[in-house]
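Structure file input39.csv with CSV, C-alpha atoms:
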```
chain,number,residue,atom,x,y,z
A,152,MET,CA,0.0,0.0,0.0
A,153,PHE,CA,2.9,2.3,0.6
A,154,LEU,CA,4.1,1.9,-3.0
A,155,PHE,CA,0.5,2.4,-4.3
A,156,SER,CA,0.1,5.7,-2.3
A,157,GLY,CA,3.5,6.8,-3.5
A,158,GLY,CA,2.5,6.0,-7.0
A,159,LEU,CA,-0.5,8.2,-6.8
A,160,ILE,CA,1.7,11.1,-5.7
A,161,VAL,CA,4.1,10.4,-8.6
A,162,SER,CA,1.2,10.2,-11.1
A,163,LEU,CA,-0.1,13.6,-9.9
A,164,LEU,CA,3.4,15.2,-10.3
A,165,TRP,CA,3.8,13.5,-13.6
A,166,SER,CA,0.5,14.9,-14.9
A,167,VAL,CA,1.5,18.4,-13.9
A,168,ILE,CA,5.1,18.3,-15.2
A,169,PHE,CA,4.4,16.8,-18.5
A,170,SER,CA,1.2,18.5,-19.4
A,171,ASP,CA,1.7,21.7,-21.4
A,172,SER,CA,-0.9,23.5,-19.3
A,173,SER,CA,-0.8,24.3,-15.6
A,174,PHE,CA,-3.6,24.2,-13.2
A,175,ALA,CA,-3.3,27.9,-12.9
A,176,ASN,CA,-4.4,28.3,-16.5
A,177,LEU,CA,-7.6,26.5,-15.7
A,178,ILE,CA,-8.6,29.0,-13.0
A,179,PRO,CA,-9.8,32.5,-13.9
A,180,ASN,CA,-8.1,35.5,-12.3
A,181,HIS,CA,-11.4,36.7,-10.7
A,182,SER,CA,-12.8,35.3,-7.5
A,183,PHE,CA,-14.4,31.9,-7.7
A,184,SER,CA,-18.1,31.9,-8.4
A,185,PRO,CA,-20.4,28.9,-8.0
A,186,VAL,CA,-22.0,29.7,-11.3
A,187,VAL,CA,-20.2,27.6,-13.9
A,188,SER,CA,-21.3,29.8,-16.8
A,189,GLN,CA,-19.2,32.7,-15.5
A,190,PHE,CA,-16.0,30.8,-16.3
A,191,THR,CA,-14.2,31.3,-19.6
A,192,LEU,CA,-11.9,28.3,-20.3
A,193,PRO,CA,-8.7,28.9,-22.2
A,194,LYS,CA,-8.4,27.5,-25.7
A,195,ASN,CA,-7.3,23.9,-26.1
A,196,THR,CA,-8.6,23.2,-22.6
A,197,ASN,CA,-10.3,19.9,-23.7
A,198,ARG,CA,-7.0,18.6,-25.2
A,199,ARG,CA,-5.0,19.6,-22.2
A,200,VAL,CA,-7.5,18.1,-19.7
A,201,LEU,CA,-7.5,14.9,-21.7
A,202,GLU,CA,-3.7,14.8,-21.7
A,203,THR,CA,-3.7,15.4,-17.9
A,204,ILE,CA,-6.3,12.7,-17.2
A,205,GLY,CA,-4.5,10.3,-19.5
A,206,LEU,CA,-1.1,10.9,-17.7
A,207,PHE,CA,-2.8,10.6,-14.3
A,208,ILE,CA,-4.4,7.3,-15.2
A,209,GLY,CA,-1.2,6.1,-16.6
A,210,GLY,CA,0.6,7.0,-13.4
A,211,ILE,CA,-2.0,5.1,-11.3
A,212,LEU,CA,-1.6,2.0,-13.5
A,213,PHE,CA,2.1,2.1,-13.3
A,214,ALA,CA,1.9,2.4,-9.5
A,215,ILE,CA,-0.4,-0.5,-9.3
A,216,MET,CA,1.9,-2.6,-11.4
A,217,LEU,CA,4.9,-1.8,-9.2
A,218,ASP,CA,2.8,-2.5,-6.0
A,219,ARG,CA,1.8,-5.9,-7.4
A,220,ILE,CA,5.3,-6.8,-8.4
A,221,PHE,CA,6.8,-6.0,-5.0
A,222,TYR,CA,3.9,-7.5,-3.1
A,223,LYS,CA,4.2,-10.8,-4.8
A,224,ARG,CA,8.0,-10.8,-4.4
A,225,SER,CA,7.7,-10.0,-0.7
A,226,ASN,CA,5.1,-12.7,-0.1
A,227,GLY,CA,7.1,-15.2,-2.1
A,228,ASP,CA,10.3,-14.4,-0.1
A,229,THR,CA,8.3,-14.8,3.2
A,230,GLN,CA,7.0,-18.2,2.1
A,231,ILE,CA,10.5,-19.3,1.1
A,232,TYR,CA,11.8,-18.4,4.6
A,233,ILE,CA,8.9,-20.2,6.3
A,234,THR,CA,9.7,-23.3,4.2
A,235,LYS,CA,13.3,-23.2,5.2
A,236,GLU,CA,12.5,-22.7,8.9
A,237,ALA,CA,10.0,-25.6,8.7
A,238,LYS,CA,12.7,-27.9,7.4
A,239,LYS,CA,14.9,-27.2,10.4
A,240,LEU,CA,12.1,-27.1,13.0
A,241,LYS,CA,10.3,-30.4,12.1
A,242,GLN,CA,8.2,-30.4,15.3
A,243,LEU,CA,6.2,-27.7,17.0
A,244,LYS,CA,5.2,-28.3,20.6
A,245,ILE,CA,2.3,-26.2,22.0
A,246,GLY,CA,1.3,-26.0,25.7
A,247,TYR,CA,-2.0,-24.7,26.9
A,248,PRO,CA,-4.0,-24.3,30.1
A,249,GLU,CA,-7.5,-25.9,29.9
A,250,GLY,CA,-10.1,-23.2,29.5
A,251,MET,CA,-7.9,-20.8,27.5
A,252,THR,CA,-10.4,-20.2,24.6
A,253,ASN,CA,-8.0,-19.1,21.8
A,254,LEU,CA,-5.7,-22.1,22.2
A,255,GLU,CA,-8.5,-24.6,22.7
A,256,VAL,CA,-10.1,-23.3,19.4
A,257,LEU,CA,-6.8,-23.4,17.7
A,258,ARG,CA,-6.3,-27.0,18.7
A,259,GLU,CA,-9.8,-28.1,17.9
A,260,GLN,CA,-10.0,-26.4,14.5
A,261,LYS,CA,-6.5,-27.6,13.7
A,262,PHE,CA,-5.4,-24.3,12.1
A,263,LEU,CA,-1.7,-24.9,12.8
A,264,GLU,CA,-1.8,-28.5,11.5
A,265,LYS,CA,-3.4,-27.3,8.3
A,266,TYR,CA,-0.7,-24.8,7.8
A,267,PHE,CA,2.4,-26.7,9.0
A,268,GLU,CA,1.9,-30.4,8.2
A,269,PRO,CA,2.2,-29.8,4.4
A,270,LEU,CA,5.6,-28.3,5.2
A,271,GLY,CA,6.7,-31.3,7.2
A,272,VAL,CA,6.2,-29.9,10.7
A,273,THR,CA,4.3,-32.1,13.2
A,274,VAL,CA,2.2,-30.2,15.8
A,275,THR,CA,1.7,-31.6,19.3
A,276,TRP,CA,-0.4,-30.3,22.2
A,277,THR,CA,0.0,-30.7,25.9
A,278,SER,CA,-2.4,-29.4,28.6
A,279,PHE,CA,-1.2,-28.0,31.9
A,280,LEU,CA,-3.0,-27.2,35.2
A,281,ALA,CA,-1.3,-23.8,35.7
A,282,ALA,CA,0.5,-21.1,33.7
A,283,SER,CA,3.5,-21.4,36.0
A,284,SER,CA,3.9,-25.1,34.9
A,285,LEU,CA,3.6,-24.0,31.3
A,286,ILE,CA,6.5,-21.5,31.5
A,287,GLU,CA,8.6,-24.0,33.5
A,288,ALA,CA,8.0,-26.5,30.6
A,289,LEU,CA,9.2,-23.8,28.2
A,290,SER,CA,12.3,-23.4,30.2
A,291,ASN,CA,13.2,-27.1,30.2
A,292,GLY,CA,12.4,-27.5,26.5
A,293,SER,CA,9.2,-29.6,26.8
A,294,ILE,CA,7.2,-27.1,24.8
A,295,ASP,CA,8.0,-24.3,22.3
A,296,PHE,CA,5.0,-22.0,22.6
A,297,CYS,CA,2.2,-21.5,25.1
A,298,GLY,CA,-0.3,-19.0,26.6
A,299,GLY,CA,-1.3,-18.1,30.1
A,300,GLY,CA,-1.6,-15.4,32.7
A,301,GLY,CA,1.0,-12.6,32.9
A,302,THR,CA,1.6,-13.0,36.7
A,303,ALA,CA,3.1,-16.5,36.3
A,304,SER,CA,5.9,-14.9,34.1
A,305,ILE,CA,6.9,-12.8,37.1
A,306,PHE,CA,7.5,-15.8,39.4
A,307,SER,CA,9.2,-17.6,36.5
A,308,GLN,CA,11.5,-14.8,35.7
A,309,ALA,CA,12.4,-14.5,39.4
A,310,ALA,CA,13.2,-18.2,39.3
A,311,GLU,CA,15.4,-17.6,36.3
A,312,HIS,CA,13.4,-19.7,33.9
A,313,VAL,CA,14.1,-19.2,30.2
A,314,PHE,CA,11.2,-17.8,28.1
A,315,VAL,CA,10.2,-14.8,26.1
A,316,ARG,CA,6.9,-12.8,26.3
A,317,VAL,CA,5.9,-12.4,22.7
A,318,ALA,CA,2.2,-11.1,22.6
A,319,ARG,CA,-0.8,-10.5,24.7
A,320,GLU,CA,-4.6,-10.7,24.2
A,321,LYS,CA,-6.2,-7.4,23.6
A,322,TYR,CA,-9.1,-8.0,25.9
A,323,THR,CA,-9.4,-9.8,29.2
A,324,ALA,CA,-12.9,-11.1,30.0
A,325,PRO,CA,-14.3,-8.8,32.8
A,326,LYS,CA,-15.9,-11.9,34.4
A,327,GLY,CA,-13.0,-14.1,33.6
A,328,GLN,CA,-11.8,-14.3,37.2
A,329,ALA,CA,-13.7,-14.1,40.4
A,330,ILE,CA,-13.7,-14.6,44.2
A,331,LEU,CA,-16.3,-17.2,45.1
A,332,VAL,CA,-17.9,-18.1,48.4
A,333,LEU,CA,-20.4,-20.9,49.1
A,334,ASP,CA,-24.1,-20.0,48.7
A,335,ASN,CA,-24.7,-20.3,52.5
A,336,SER,CA,-21.5,-18.4,53.5
A,337,PRO,CA,-21.8,-15.4,55.9
A,338,ILE,CA,-19.2,-13.6,53.7
A,339,GLN,CA,-21.0,-10.9,51.8
A,340,THR,CA,-18.3,-8.4,50.9
A,341,LEU,CA,-14.5,-8.3,50.4
A,342,ALA,CA,-14.1,-6.8,53.8
A,343,ASP,CA,-15.5,-10.0,55.3
A,344,LEU,CA,-12.5,-11.9,54.0
A,345,LYS,CA,-10.4,-10.7,57.0
A,346,GLY,CA,-9.1,-13.7,58.9
A,347,LYS,CA,-10.5,-16.2,56.4
A,348,LYS,CA,-8.9,-19.2,54.6
A,349,ILE,CA,-8.7,-18.3,50.9
A,350,ALA,CA,-7.7,-20.8,48.2
A,351,PHE,CA,-5.8,-19.8,45.0
A,352,ASP,CA,-3.0,-21.0,42.8
A,353,GLN,CA,0.2,-19.5,44.1
A,354,GLY,CA,2.1,-17.4,41.5
A,355,SER,CA,-1.0,-17.2,39.2
A,356,SER,CA,-3.0,-14.1,38.2
A,357,SER,CA,-5.5,-15.2,40.9
A,358,HIS,CA,-2.7,-14.4,43.4
A,359,TYR,CA,-2.5,-10.8,42.2
A,360,VAL,CA,-6.3,-10.4,41.9
A,361,LEU,CA,-6.6,-11.4,45.6
A,362,ILE,CA,-3.9,-8.9,46.7
A,363,ARG,CA,-5.6,-6.0,44.8
A,364,ALA,CA,-9.1,-7.0,46.0
A,365,LEU,CA,-7.8,-6.9,49.6
A,366,GLU,CA,-6.2,-3.5,49.0
A,367,LYS,CA,-9.5,-2.2,47.7
A,368,VAL,CA,-11.1,-2.5,51.1
A,369,GLY,CA,-8.0,-1.6,53.2
A,370,LEU,CA,-6.9,-5.2,54.0
A,371,ARG,CA,-3.4,-6.5,53.9
A,372,TYR,CA,-2.2,-9.8,52.5
A,373,SER,CA,-1.3,-10.8,56.1
A,374,ASP,CA,-4.9,-10.3,57.1
A,375,ILE,CA,-6.0,-13.6,55.4
A,376,GLU,CA,-4.8,-17.2,55.5
A,377,PRO,CA,-3.6,-18.2,52.0
A,378,ILE,CA,-4.2,-21.8,51.0
A,379,TYR,CA,-2.1,-22.6,47.9
A,380,LEU,CA,-4.0,-25.0,45.7
A,381,ASN,CA,-4.3,-25.4,41.9
A,382,GLN,CA,-7.8,-25.2,40.7
A,383,PRO,CA,-8.7,-28.9,40.3
A,384,ASP,CA,-7.5,-29.6,43.8
A,385,ALA,CA,-9.2,-26.5,45.3
A,386,LEU,CA,-12.7,-27.4,43.9
A,387,PRO,CA,-13.5,-30.4,46.2
A,388,LYS,CA,-12.1,-28.5,49.3
A,389,PHE,CA,-14.2,-25.5,48.4
A,390,ARG,CA,-17.3,-27.7,48.0
A,391,ARG,CA,-16.7,-29.3,51.4
A,392,GLY,CA,-16.3,-25.9,53.1
A,393,GLU,CA,-12.7,-26.5,54.0
A,394,VAL,CA,-11.8,-23.0,52.7
A,395,ASP,CA,-13.9,-19.9,53.1
A,396,ALA,CA,-13.3,-18.4,49.6
A,397,TRP,CA,-11.8,-19.4,46.3
A,398,VAL,CA,-10.1,-17.2,43.7
A,399,VAL,CA,-10.7,-18.7,40.3
A,400,TRP,CA,-10.5,-18.1,36.6
A,401,VAL,CA,-12.7,-19.4,33.8
A,402,PRO,CA,-14.0,-22.0,33.3
A,403,TYR,CA,-14.4,-22.2,37.1
A,404,THR,CA,-16.2,-18.9,37.6
A,405,SER,CA,-20.0,-18.8,37.5
A,406,THR,CA,-20.5,-18.9,33.7
A,407,GLN,CA,-22.7,-21.1,31.5
A,408,THR,CA,-19.8,-23.5,31.2
A,409,ARG,CA,-19.7,-24.0,34.9
A,410,THR,CA,-23.3,-24.1,36.0
A,411,ALA,CA,-22.7,-27.3,38.0
A,412,TYR,CA,-20.1,-25.6,40.3
A,413,PRO,CA,-21.1,-24.2,43.7
A,414,GLY,CA,-20.7,-20.7,45.0
A,415,ARG,CA,-21.6,-17.1,44.4
A,416,CYS,CA,-19.3,-14.3,43.3
A,417,ILE,CA,-18.4,-11.4,45.7
A,418,ALA,CA,-16.0,-9.7,43.3
A,419,ASP,CA,-14.6,-10.1,39.7
A,420,LEU,CA,-12.1,-8.4,37.5
A,421,GLU,CA,-14.6,-5.7,36.5
A,422,THR,CA,-15.4,-4.7,40.1
A,423,ILE,CA,-11.7,-4.9,41.2
A,424,PHE,CA,-9.9,-3.3,38.2
A,425,GLY,CA,-12.7,-1.5,36.2
A,426,ASP,CA,-11.9,-1.0,32.5
A,427,ARG,CA,-8.1,-1.6,33.2
A,428,ALA,CA,-8.5,-5.3,33.7
A,429,SER,CA,-6.9,-6.1,30.3
A,430,ILE,CA,-3.8,-4.1,31.2
A,431,GLU,CA,-3.6,-5.0,34.9
A,432,VAL,CA,-4.3,-8.8,34.5
A,433,PRO,CA,-3.1,-9.6,30.9
A,434,THR,CA,-3.2,-12.9,29.2
A,435,LEU,CA,0.2,-13.4,27.5
A,436,TYR,CA,1.8,-15.7,24.9
A,437,TYR,CA,5.2,-17.1,25.5
A,438,ALA,CA,7.9,-18.8,23.3
A,439,ILE,CA,11.3,-20.3,23.8
A,440,PRO,CA,14.2,-18.0,22.8
A,441,GLU,CA,15.1,-20.2,19.9
A,442,LEU,CA,11.7,-19.8,18.3
A,443,VAL,CA,12.1,-16.0,18.6
A,444,ARG,CA,15.7,-16.0,17.4
A,445,ASP,CA,15.9,-18.8,14.8
A,446,TYR,CA,12.3,-19.1,13.5
A,447,PRO,CA,10.8,-15.6,13.4
A,448,ASP,CA,8.6,-16.3,10.4
A,449,ILE,CA,7.2,-19.4,11.9
A,450,LEU,CA,6.5,-17.5,15.2
A,451,LYS,CA,4.6,-14.9,13.2
A,452,VAL,CA,2.5,-17.6,11.5
A,453,ILE,CA,1.7,-19.1,15.0
A,454,LEU,CA,0.6,-15.7,16.2
A,455,GLU,CA,-1.5,-15.1,13.1
A,456,GLU,CA,-3.3,-18.5,13.6
A,457,VAL,CA,-3.9,-17.7,17.3
A,458,ASN,CA,-5.5,-14.5,16.1
A,459,GLU,CA,-7.6,-16.4,13.6
A,460,ALA,CA,-8.8,-18.7,16.4
A,461,GLY,CA,-9.7,-15.8,18.6
A,462,THR,CA,-11.7,-14.2,15.7
A,463,TRP,CA,-13.4,-17.5,15.0
A,464,ALA,CA,-14.4,-17.8,18.7
A,465,ARG,CA,-15.7,-14.2,19.0
A,466,LYS,CA,-17.9,-14.6,15.9
A,467,ARG,CA,-19.4,-17.7,17.4
A,468,GLU,CA,-20.0,-15.9,20.7
A,469,LEU,CA,-21.6,-13.0,18.8
A,470,GLU,CA,-23.9,-15.3,16.9
A,471,ALA,CA,-25.0,-17.1,20.1
A,472,THR,CA,-25.7,-13.8,21.8
A,473,GLN,CA,-27.7,-12.6,18.9
A,474,ARG,CA,-29.8,-15.8,18.9
A,475,LEU,CA,-30.4,-15.4,22.6
A,476,ALA,CA,-31.4,-11.8,22.1
A,477,GLU,CA,-34.3,-12.9,19.8
A,478,HIS,CA,-36.0,-14.6,22.8
A,479,HIS,CA,-34.7,-12.7,25.8
A,480,GLN,CA,-34.1,-9.0,26.8
A,481,ILE,CA,-30.3,-8.4,26.5
A,482,ASP,CA,-28.6,-5.0,26.9
A,483,PRO,CA,-27.9,-3.7,23.4
A,484,MET,CA,-24.4,-2.5,24.6
A,485,ILE,CA,-23.4,-6.2,25.1
A,486,ILE,CA,-24.1,-7.0,21.5
A,487,LYS,CA,-22.5,-3.7,20.3
A,488,ASN,CA,-19.3,-4.5,22.3
A,489,LEU,CA,-19.2,-8.1,20.9
A,490,GLN,CA,-19.7,-6.7,17.4
A,491,GLN,CA,-16.8,-4.3,17.8
A,492,ARG,CA,-14.5,-6.9,19.3
A,493,SER,CA,-15.4,-9.5,16.7
A,494,ILE,CA,-13.8,-7.3,14.0
A,495,GLU,CA,-10.8,-6.2,16.1
A,496,ARG,CA,-7.4,-7.9,16.4
A,497,THR,CA,-7.5,-10.6,19.1
A,498,ILE,CA,-3.8,-10.4,20.1
A,499,ILE,CA,-1.4,-7.5,19.9
A,500,PRO,CA,2.3,-7.1,20.5
A,501,ILE,CA,3.8,-6.7,24.0
A,502,ASP,CA,3.7,-3.0,24.7
A,503,GLU,CA,5.0,-0.5,27.3
A,504,ALA,CA,1.6,-0.3,29.1
A,505,THR,CA,1.6,-4.1,29.6
A,506,LEU,CA,5.1,-4.2,30.9
A,507,THR,CA,4.6,-1.2,33.2
A,508,ALA,CA,1.6,-3.0,34.7
A,509,LEU,CA,3.6,-6.2,35.1
A,510,GLN,CA,6.4,-4.3,36.7
A,511,HIS,CA,4.0,-3.0,39.3
A,512,GLN,CA,2.9,-6.6,39.9
A,513,ALA,CA,6.5,-7.7,40.3
A,514,ASN,CA,7.3,-4.8,42.7
A,515,THR,CA,4.2,-5.7,44.8
A,516,PHE,CA,5.2,-9.4,45.1
A,517,ARG,CA,8.8,-8.4,46.1
A,518,ASP,CA,7.5,-5.9,48.7
A,519,LEU,CA,5.4,-8.8,50.2
A,520,LYS,CA,8.6,-11.0,50.0
A,521,LEU,CA,6.8,-13.5,47.7
A,522,ILE,CA,9.7,-13.4,45.2
A,523,PRO,CA,13.3,-13.3,46.4
A,524,GLU,CA,14.5,-10.1,44.6
A,525,ARG,CA,13.3,-7.3,42.3
A,526,ILE,CA,13.2,-8.1,38.6
A,527,ASN,CA,13.0,-6.0,35.5
A,528,VAL,CA,10.2,-7.3,33.3
A,529,LYS,CA,11.3,-5.0,30.5
A,530,ASP,CA,14.6,-6.9,30.1
A,531,GLY,CA,14.8,-7.7,26.4
A,532,THR,CA,15.8,-11.3,27.4
A,533,TYR,CA,12.3,-11.9,28.6
A,534,SER,CA,10.1,-9.5,26.7
A,535,LEU,CA,9.9,-9.0,22.9
A,536,LEU,CA,9.1,-5.4,22.1
A,537,THR,CA,8.5,-5.2,18.4
A,538,LYS,CA,7.6,-2.5,15.9
A,539,GLN,CA,6.5,-5.1,13.3
A,540,ASN,CA,3.3,-4.3,11.4
A,541,TRP,CA,0.7,-6.7,12.8
A,542,THR,CA,-1.9,-6.4,10.0
A,543,TYR,CA,-3.9,-9.6,10.9
```

Would you mind writing the structure in this file as structure tokens?
Amino acid sequence: MFLFSGGLIVSLLWSVIFSDSSFANLIPNHSFSPVVSQFTLPKNTNRRVLETIGLFIGGILFAIMLDRIFYKRSNGDTQIYITKEAKKLKQLKIGYPEGMTNLEVLREQKFLEKYFEPLGVTVTWTSFLAASSLIEALSNGSIDFCGGGGTASIFSQAAEHVFVRVAREKYTAPKGQAILVLDNSPIQTLADLKGKKIAFDQGSSSHYVLIRALEKVGLRYSDIEPIYLNQPDALPKFRRGEVDAWVVWVPYTSTQTRTAYPGRCIADLETIFGDRASIEVPTLYYAIPELVRDYPDILKVILEEVNEAGTWARKRELEATQRLAEHHQIDPMIIKNLQQRSIERTIIPIDEATLTALQHQANTFRDLKLIPERINVKDGTYSLLTKQNWTY
């Protein structure tokens, strides 16, 4: 498109330079009048106008031709690089936490397999219980690429695991994480959590959500009794009342996919963070350094396909909501927001705002002595800040 826009400018200049009439000759000396009949055009105007138009059209056609040539050449070169990288890679190992929509759709629809298997690359999938386990698996080489909460990367960086943050989801579901209590619990508000046993996955985004929720009502982390449990282990204890509250993420929060689970919500991302939830509690994508360094074109394809999976999922969500709206009263803003997000990019590059928020998280965990020392999340070893044009 840059070449095409430049070509338009060239064609305009060309038409002016090579035409034997100037634009000034087409404009009378007196002030402009809206009445066309007042104009007296110079002699040979028709011929000059036709010459100008002809040269202008010729310039556009020339620009389009150049644009097509360079576009095809660029695309061809990219495919050559992808093919070369595929021959070296041979196997792509993806890790995902159950319930992460984009990666589950990507796996179920086999977008990566359809792209890479013709190039001789085998795609394998492994599910993990927590994002911290995913990043540890990246560090030991068990997987090449994964997605998960941003908080886990802070604990992993503090533990000197090897990984690179490569992208983030543009939006975080406002109800995607919540603090649940049993239906018959006396706990009604966040302030009632003081002195209570609260279950959550240590080093996960739920950990940070709880800390911020407590801050919101003037409580400190030391005011509660943390019970470190991953979500599958926490569920039965929560049901039996062995913990007073549970900090969870989808699909464990009270959504349509979790109707059989007990509990009621006393706070969620929206009530804790407002419209900053996507920045404060981001969902990130990670890769091994070798994938970033040695297979940049394959990494871009992976991110493109993750984006396609997200777009696919959002369109289905919009369609389901629209069908529901035909029989029930639904806030029009919900549909409007879904419509807007269905046409937007699902994932975006790691940016300064994301890293600044993560740095605040890291400082909070260090101040609470939950990580051994301060870390710099903007360290280029761990975070890929890119200026590339993400057009998908």

Using all atoms listed in the file, determine which residues lie at most 8 Å from Ser355 of chain A, disregarding the query and same-chain residues fewer than 2 positions distant; provide the list as a ChimeraX atom specification. /A:281-283,300,302-303,351-353,357-359

Output file for the selection above: C-alpha atoms, as an mmCIF file, in the coordinates of the input:
```cif
data_model
loop_
_atom_site.group_PDB
_atom_site.id
_atom_site.type_symbol
_atom_site.label_atom_id
_atom_site.label_comp_id
_atom_site.auth_asym_id
_atom_site.auth_seq_id
_atom_site.Cartn_x
_atom_site.Cartn_y
_atom_site.Cartn_z
ATOM 1 C CA ALA A 281 -1.300 -23.800 35.700
ATOM 2 C CA ALA A 282 0.500 -21.100 33.700
ATOM 3 C CA SER A 283 3.500 -21.400 36.000
ATOM 4 C CA GLY A 300 -1.600 -15.400 32.700
ATOM 5 C CA THR A 302 1.600 -13.000 36.700
ATOM 6 C CA ALA A 303 3.100 -16.500 36.300
ATOM 7 C CA PHE A 351 -5.800 -19.800 45.000
ATOM 8 C CA ASP A 352 -3.000 -21.000 42.800
ATOM 9 C CA GLN A 353 0.200 -19.500 44.100
ATOM 10 C CA SER A 357 -5.500 -15.200 40.900
ATOM 11 C CA HIS A 358 -2.700 -14.400 43.400
ATOM 12 C CA TYR A 359 -2.500 -10.800 42.200
#
```

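Residues in contact with Ala460 of chain A at up to 8 Å, not including ones fewer than 3 positions away on its chain and judged by all atoms listed in the file, are Asn253, Leu254, Val256, Leu257, Phe262, Glu456, Val457, Trp463 and Ala464 of chain A.
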
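Of the residues under consideration (A:Ile362, A:Ala385, A:Val394, A:Val317), A:Val317 shows the shortest atom-to-atom contact distance to Arg444 of chain A when counting all atoms listed in the file.
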
d(atom CA of Ser429 of chain A, atom CA of Ile449 of chain A) in Å: 26.7 Å

A:Val398, A:Ile233, A:Glu287, A:Leu370: which is nearest Gln382 of chain A, counting all atoms listed in the file?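 That would be A:Val398, the residue with the smallest distance to Gln382 of chain A.
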